[in-house]
Amino acid sequence: MQPVEIPDRNQGVNESLPLILAGPVLRHCEPTQLTFWLATTRACSFELTLQDAKGLQVASEQLRYEQIRVGEHCYIQLLHFALDTPLTTDTYVHYDLLDEAGQGLCTHIPELCYEGDTLPGFMLKSRVDNLLHGSCRKPHHPSSDGLLEVDKLLADKRHDAQHRPALMLFSGDQVYVDDVAGPTLWAIHQVIQKLGLYTEEFAGATVSTSEELYSSPHCYYIREQLLPKNKANEKLVERFFGGARKPIFTSVGAHNHLICLAEVIAMYLLVWSDTCWKWVDLDAGRARIPDKFKPRYDKENLTVKEFVLGLSKVRRTLAHIPTYMIFDDHDITDDWNLTRGWEESAYGHPFSRRIIGNALIGYLLCQGWGNKPQCFDPLLEALHASVKAGELEQQDNLINTLLDWQEWHYCLATSPKIIVLDTRTHRWRSESSPAKPSGLMDWESLSDLQQELIGEPAVILVSPAPIFGVKLIEAVQRIFTFFGKALMVDAENWMAHPGAANVILNIFRHHKTPPHFVILSGDVHYSFVYDITLRFRKHSPKILQVTASGIKNCFPAGLLRWFDRINLWLYGSRSPLNFLTKRRRMLIKRRQPQGQRGVLYNNSGIGQVILSDEYEHIQARVISKDKTVEFK
């Protein structure tokens with residue numbers, strides 16, 4: 001096999017590059033502050049202009065401006081504007097970002113506006129009465145992209161204060177760093193060369209630099225062979241790459257796992273914008289692929305090309321609605337922090353630690369940063385220190401800082417209050433066995449959660465994994481865990497760890513808990529809605545578990561139908577088997593998807609929740625390409 005050839009780094013440098021590579025993505029917004037995320041090809045500054053329904057022009061004088069250079073022609077920008085005059089809620093506001101030459105967004109991105117508008121816009125609603133949510137958007141999954149349904153909704157309802165969504169919440173797996181199609185990886189490498197994304201050096205690997213990685217004959221579909229071959233790393237190889245196969249539920253290919261930071265940054269540019277795809281010839285990438293993988297490449301190529309066709313609309317969508325995000329495992333790597341043994345293996349080697357750390361840097365720059373920008377000041381200092389003189393320095397120090405960071409979770413002072421949980425880095429590790437699943441949150445973080453809940457009349461709680469999941473699947477995961485195979489079945493559910501399970505259930509049973517909960521979740525690649533109350537309690541809190549997954553991913557259809565049937569047989573609301581579970585003091589009633597016999601809905605799309613002061617009138621649905629399904 002011949003080494004993969006990568007075009008010369010300087011090729012195309014003299015060609016004209018667009019100013020904006022990706023974005024604007026509208027992030028954290030309040031009446032007195034607005035946040036935008038962009039990626040640009042050069043250092044620049046922007047002036048914000050706003051125009052409300054009365055035609056009033058409002059320019060912001062105060063600007064908090066951060067940009068991190070990640071390549072010769074790539075800067076990650078976070079624009080955080082403080083407004084002198086608060087915006088009027090429930091009113092549509094047009095906005096523009098003017099560069100130094102006075103050119104606005106539509107000059108740089110002509111397709112950014114909806115028909116009838118000359119500028120992009122948004123609406124800050126006084127109450128979160130309508131929201132969108134979802135997770136799991138894998139570009140090469142052969143299903144439609146749920147974000148295209150958001151684009152259709154905004155095209156029709158963006159000016160309608162009564163019917164437009166207030167915001168959109170992504171509950172995990174916005175990108176699949178660990179499961180990349182061959183054509184996408186080829187595109188990533190072309191973008192790296194076009195933009196001159198920074199190189200890096202590796203320790204403890206068979207390739208010493210990112211340039212060696214790109215030219216390695218093992219670069220495509222067989223990256224597991226790039227890890228060191230010694231006994232100390234056999235478990236690492238199995239867990240980090242080969243251990244991704246899970247025949248009980250699904251099969252995930254980790255053999256194109258992203259490794260260097262440049263690959264992670266390029267991935268984000270390619271999943272949120274169509275600009276960088278214009279430089280990529282996907283068909284030409286076939287010549288670089290080992291012969292045995294060419295049929296797979298051809299199949300993935302068709303799906304990736306279809307995904308690319310919708311990206312201009314996805315970009316438009318993200319510019320028109322405030323969007324919040326939290327990671328789950330695939331944003332970093334499959335089974336991230338699943339067990340204490342996994343952590344010991346993955347963080348105990350410099351190469352795997354770097355791979356995980358690079359994905360976390362990408363999450364910070366492209367996702368986490370925009371949720372609550374003011375919370376990340378300590379990390380900004382480490383970020384700036386790691387990029388000096390046009391190259392990466394102190395990268396391991398930055399990764400150490402990120403791995404120790406405790407503030408990925410956040411709360412939004414909306415009505416009702418929104419609490420977004422970090423269920424990945426606050427793990428309650430098993431002391432009895434390194435192979436047992438860790439709790440999704442430890443005692444300290446759950447205690448902090450309880451304090452956030454006290455005194456609230458209602459709360460929207462975002463948990464990437466469902467707190468109240470499908471009991472049959474949890475039972476299967478428990479059996480495999482008993483035999484030390486938690487990694488095989490992704491035993492990541494709230495009930496898998498006794499300590500975390502008891503504390504979260506006690507929080508719902510506490511007399512000071514809010515009377516109304518809506519729990520938004522994803523992760524599982526199917527959708528369902530449960531109504532939960534406490535048994536044996538007259539004035540029980542009312543809890544609605546709404547799971548919408550995936551945006552572009554599905555569960556194996558035949559297998560899910562069997563799980564659905566058997567779960568209903570064994571764990572119906574009146575089944576005595578319920579008293580053998582940790583949720584025996586909870587009464588769970590399932591809402592049924594309209595027009596379907598079972599309760600588990602399996603189709604890509606975006607979830608929508610329409611809230612009401614009366615709990616019984618809360619509506620939950622999934623909007624898919626071919627239909628909208630209500631859960632009743």
# chains A, B, ... in the order shown; residues from 1 in each chain; ligands from 1

$ residues_around --residues "region 119-123 of chain A" --least-positions-apart "6" --cutoff "8 Å" --atoms "only C-alpha atoms" --output "list in words"
Thr89, Asp90, Thr91, Tyr92, Val93, His94, Tyr95, Asp96, Leu105, Cys106, Leu112, Cys113, Arg158, His159, Ala161, Ala166, Ala319, His320, Ile321 and Pro322 of chain A

$ select_by_dssp --residues "region 519-565 of chain A" --states "alpha helix (DSSP H)" --output "count of residues only"
9

$ select_by_dssp --residues "region 306-437 of chain A" --states "strand (DSSP E or B)" --output "list in words"
Thr323, Tyr324, Met325, Thr339, Val387, Lys388, Glu391, Leu392, Tyr410, Cys411, Leu412, Lys417, Ile418, Ile419, Val420, Trp428 and Pro437 of chain A

$ write_last_selection --atoms "N, CA, C and O atoms" --output "compact mmCIF listing (two decimals), in the first residue's frame"
# COMPACT_ATOMS: atom_id res chain seq x y z
N THR A 323 -29.10 28.93 20.39
CA THR A 323 -28.81 27.50 20.48
C THR A 323 -27.83 27.22 21.61
O THR A 323 -26.81 27.90 21.74
N TYR A 324 -28.15 26.22 22.42
CA TYR A 324 -27.32 25.82 23.55
C TYR A 324 -26.94 24.35 23.39
O TYR A 324 -27.68 23.56 22.81
N MET A 325 -25.77 23.99 23.94
CA MET A 325 -25.21 22.66 23.68
C MET A 325 -24.58 22.09 24.95
O MET A 325 -24.14 22.83 25.82
N THR A 339 -16.30 3.81 32.76
CA THR A 339 -15.91 3.09 33.97
C THR A 339 -14.60 3.65 34.51
O THR A 339 -13.86 4.33 33.79
N VAL A 387 -1.41 28.91 22.01
CA VAL A 387 -1.26 29.24 20.59
C VAL A 387 -0.41 30.49 20.49
O VAL A 387 -0.87 31.60 20.73
N LYS A 388 0.87 30.31 20.17
CA LYS A 388 1.79 31.43 20.08
C LYS A 388 2.64 31.30 18.83
O LYS A 388 3.00 30.20 18.42
N GLU A 391 1.89 28.60 16.09
CA GLU A 391 1.94 27.16 16.31
C GLU A 391 1.42 26.84 17.71
O GLU A 391 1.25 27.72 18.55
N LEU A 392 1.15 25.55 17.91
CA LEU A 392 0.63 25.10 19.19
C LEU A 392 1.76 24.92 20.18
O LEU A 392 2.77 24.29 19.89
N TYR A 410 -24.39 24.23 33.17
CA TYR A 410 -24.81 25.63 33.27
C TYR A 410 -26.32 25.72 33.49
O TYR A 410 -27.05 24.74 33.29
N CYS A 411 -26.76 26.89 33.93
CA CYS A 411 -28.17 27.19 34.14
C CYS A 411 -28.53 28.44 33.34
O CYS A 411 -27.70 29.34 33.16
N LEU A 412 -29.75 28.50 32.88
CA LEU A 412 -30.26 29.67 32.16
C LEU A 412 -31.39 30.28 32.98
O LEU A 412 -32.32 29.57 33.40
N LYS A 417 -36.90 28.00 34.51
CA LYS A 417 -35.46 27.86 34.58
C LYS A 417 -35.01 26.61 33.84
O LYS A 417 -35.65 25.56 33.91
N ILE A 418 -33.87 26.74 33.12
CA ILE A 418 -33.29 25.60 32.42
C ILE A 418 -31.97 25.23 33.10
O ILE A 418 -31.11 26.09 33.31
N ILE A 419 -31.82 23.95 33.44
CA ILE A 419 -30.60 23.44 34.06
C ILE A 419 -30.03 22.36 33.13
O ILE A 419 -30.70 21.38 32.84
N VAL A 420 -28.81 22.56 32.68
CA VAL A 420 -28.16 21.63 31.74
C VAL A 420 -27.07 20.88 32.50
O VAL A 420 -26.14 21.49 33.05
N TRP A 428 -19.48 9.39 39.27
CA TRP A 428 -19.42 8.73 40.58
C TRP A 428 -18.79 7.36 40.34
O TRP A 428 -19.45 6.40 40.00
N PRO A 437 -19.95 0.29 35.78
CA PRO A 437 -20.23 1.63 35.28
C PRO A 437 -20.16 2.68 36.38
O PRO A 437 -20.59 2.44 37.51

$ residues_around --residues "His409 (chain A)" --least-positions-apart "5" --cutoff "10 Å" --atoms "only C-alpha atoms" --output "PyMOL selection string"
chain A and resi 325-327+368+371-372+419-423+425-426+445+462

$ closest_residue --among "A:Lys278, A:Arg137, A:Lys471, A:Arg427" --to "Gly605 (chain A)" --atoms "only C-alpha atoms"
A:Arg137

$ atom_distance --atom1 "CA of Arg353 (chain A)" --atom2 "CA of His257 (chain A)"
13.7 Å

$ residues_around --residues "Arg354 (chain A)" --least-positions-apart "4" --cutoff "9 Å" --atoms "only C-alpha atoms" --output "VMD selection string"
chain A and resid 202 to 203 259 to 260 347 349 to 350 358 to 359 395 to 396 399

$ write_last_selection --atoms "N, CA, C and O atoms" --output "CSV table (one decimal), in the first residue's frame"
chain,number,residue,atom,x,y,z
A,202,PHE,N,3.3,14.3,18.6
A,202,PHE,CA,2.7,13.3,19.5
A,202,PHE,C,3.8,12.6,20.3
A,202,PHE,O,4.9,12.4,19.8
A,203,ALA,N,3.4,12.2,21.5
A,203,ALA,CA,4.3,11.3,22.3
A,203,ALA,C,3.6,10.0,22.5
A,203,ALA,O,2.4,9.9,22.6
A,259,ILE,N,-7.8,12.3,15.5
A,259,ILE,CA,-6.7,12.3,16.4
A,259,ILE,C,-6.1,13.6,16.8
A,259,ILE,O,-6.1,14.0,17.9
A,260,CYS,N,-5.8,14.4,15.8
A,260,CYS,CA,-5.2,15.7,16.1
A,260,CYS,C,-6.2,16.8,16.1
A,260,CYS,O,-7.3,16.7,15.7
A,347,TYR,N,-6.5,7.7,30.2
A,347,TYR,CA,-5.7,8.9,30.6
A,347,TYR,C,-4.3,8.5,31.0
A,347,TYR,O,-3.5,9.4,31.3
A,349,HIS,N,-2.0,7.0,29.2
A,349,HIS,CA,-1.1,7.0,28.1
A,349,HIS,C,-1.1,8.4,27.4
A,349,HIS,O,-2.2,8.9,27.2
A,350,PRO,N,0.1,8.9,27.1
A,350,PRO,CA,0.1,10.3,26.5
A,350,PRO,C,-0.6,10.4,25.2
A,350,PRO,O,-1.2,11.5,24.9
A,358,ASN,N,-7.7,16.7,22.6
A,358,ASN,CA,-8.0,17.5,21.4
A,358,ASN,C,-9.5,17.6,21.1
A,358,ASN,O,-9.9,18.7,20.7
A,359,ALA,N,-10.2,16.6,21.3
A,359,ALA,CA,-11.6,16.6,21.1
A,359,ALA,C,-12.3,17.6,22.1
A,359,ALA,O,-13.2,18.3,21.8
A,395,GLN,N,0.3,22.5,24.7
A,395,GLN,CA,-0.9,21.8,24.5
A,395,GLN,C,-1.3,20.9,25.6
A,395,GLN,O,-2.5,20.8,26.0
A,396,ASP,N,-0.3,20.1,26.1
A,396,ASP,CA,-0.6,19.2,27.2
A,396,ASP,C,-1.1,19.9,28.4
A,396,ASP,O,-2.0,19.4,29.2
A,399,ILE,N,-4.7,20.8,27.9
A,399,ILE,CA,-5.5,19.6,28.1
A,399,ILE,C,-5.7,19.2,29.5
A,399,ILE,O,-6.8,18.9,30.0

$ residues_around --residues "Leu568 (chain A)" --least-positions-apart "3" --cutoff "10 Å" --atoms "only C-alpha atoms" --output "MDAnalysis selection string"
chainID A and resid 470:472 562:565 571:573 575 590 598:599

$ write_last_selection --atoms "C-alpha atoms" --output "tab-separated table (two decimals), in the first residue's frame"
chain	number	residue	atom	x	y	z
A	470	VAL	CA	-36.52	1.84	28.88
A	471	LYS	CA	-36.44	-0.71	31.71
A	472	LEU	CA	-35.84	-3.75	29.52
A	562	TRP	CA	-38.79	-6.33	19.76
A	563	PHE	CA	-37.45	-4.28	22.67
A	564	ASP	CA	-40.62	-2.18	22.57
A	565	ARG	CA	-42.94	-5.20	22.67
A	571	TYR	CA	-42.82	-3.64	32.55
A	572	GLY	CA	-46.31	-2.32	31.93
A	573	SER	CA	-47.50	0.23	34.49
A	575	SER	CA	-46.54	-5.15	36.19
A	590	ARG	CA	-46.09	5.97	28.58
A	598	GLY	CA	-45.63	0.75	20.42
A	599	VAL	CA	-44.24	3.60	22.52

$ closest_atom_pairs --of "region 397-458 of chain A" --to "region 500-505 of chain A" --cutoff "12 Å" --atoms "only C-alpha atoms" --output "CSV"
residue,atom,partner,partner_atom,distance
A:Thr423,CA,A:Ala500,CA,10.8
A:His426,CA,A:Ala500,CA,10.9
A:Arg427,CA,A:Ala500,CA,9.1
A:Trp428,CA,A:Ala500,CA,7.0
A:Arg429,CA,A:Ala500,CA,9.9
A:Ser430,CA,A:Ala500,CA,10.6
A:Pro437,CA,A:Ala500,CA,10.9
A:Ser438,CA,A:Ala500,CA,8.7
A:Gly439,CA,A:Ala500,CA,5.2
A:Leu440,CA,A:Ala500,CA,6.8
A:Met441,CA,A:Ala500,CA,6.3
A:Asp442,CA,A:Ala500,CA,6.5
A:Trp443,CA,A:Ala500,CA,7.0
A:Glu444,CA,A:Val503,CA,10.4
A:Ser445,CA,A:Ala500,CA,10.2
A:Leu446,CA,A:Ile504,CA,7.1
A:Ser447,CA,A:Val503,CA,8.5
A:Asp448,CA,A:Ile504,CA,11.6
A:Leu449,CA,A:Ile504,CA,9.4
A:Gln450,CA,A:Ile504,CA,9.0

$ closest_atom_pairs --of "region 100-217 of chain A" --to "region 509-529 of chain A" --cutoff "7 Å" --atoms "only C-alpha atoms" --output "JSON lines"
{"residue": "A:Gly134", "atom": "CA", "partner": "A:Gly522", "partner_atom": "CA", "distance": 6.1}
{"residue": "A:Ser135", "atom": "CA", "partner": "A:Gly522", "partner_atom": "CA", "distance": 5.3}
{"residue": "A:Cys136", "atom": "CA", "partner": "A:Asp523", "partner_atom": "CA", "distance": 6.5}
{"residue": "A:Ser171", "atom": "CA", "partner": "A:Gly522", "partner_atom": "CA", "distance": 6.0}
{"residue": "A:Gly172", "atom": "CA", "partner": "A:Asp523", "partner_atom": "CA", "distance": 6.8}

$ write_last_selection --atoms "C-alpha atoms" --output "PDB file, in the first residue's frame"
ATOM      1  CA  GLY A 134     -32.356  16.788  19.947  1.00  0.00           C
ATOM      2  CA  SER A 135     -29.079  14.904  19.886  1.00  0.00           C
ATOM      3  CA  CYS A 136     -26.987  12.524  17.776  1.00  0.00           C
ATOM      4  CA  SER A 171     -28.246  17.347  24.365  1.00  0.00           C
ATOM      5  CA  GLY A 172     -25.141  15.607  23.028  1.00  0.00           C
TER       6      GLY A 172
END
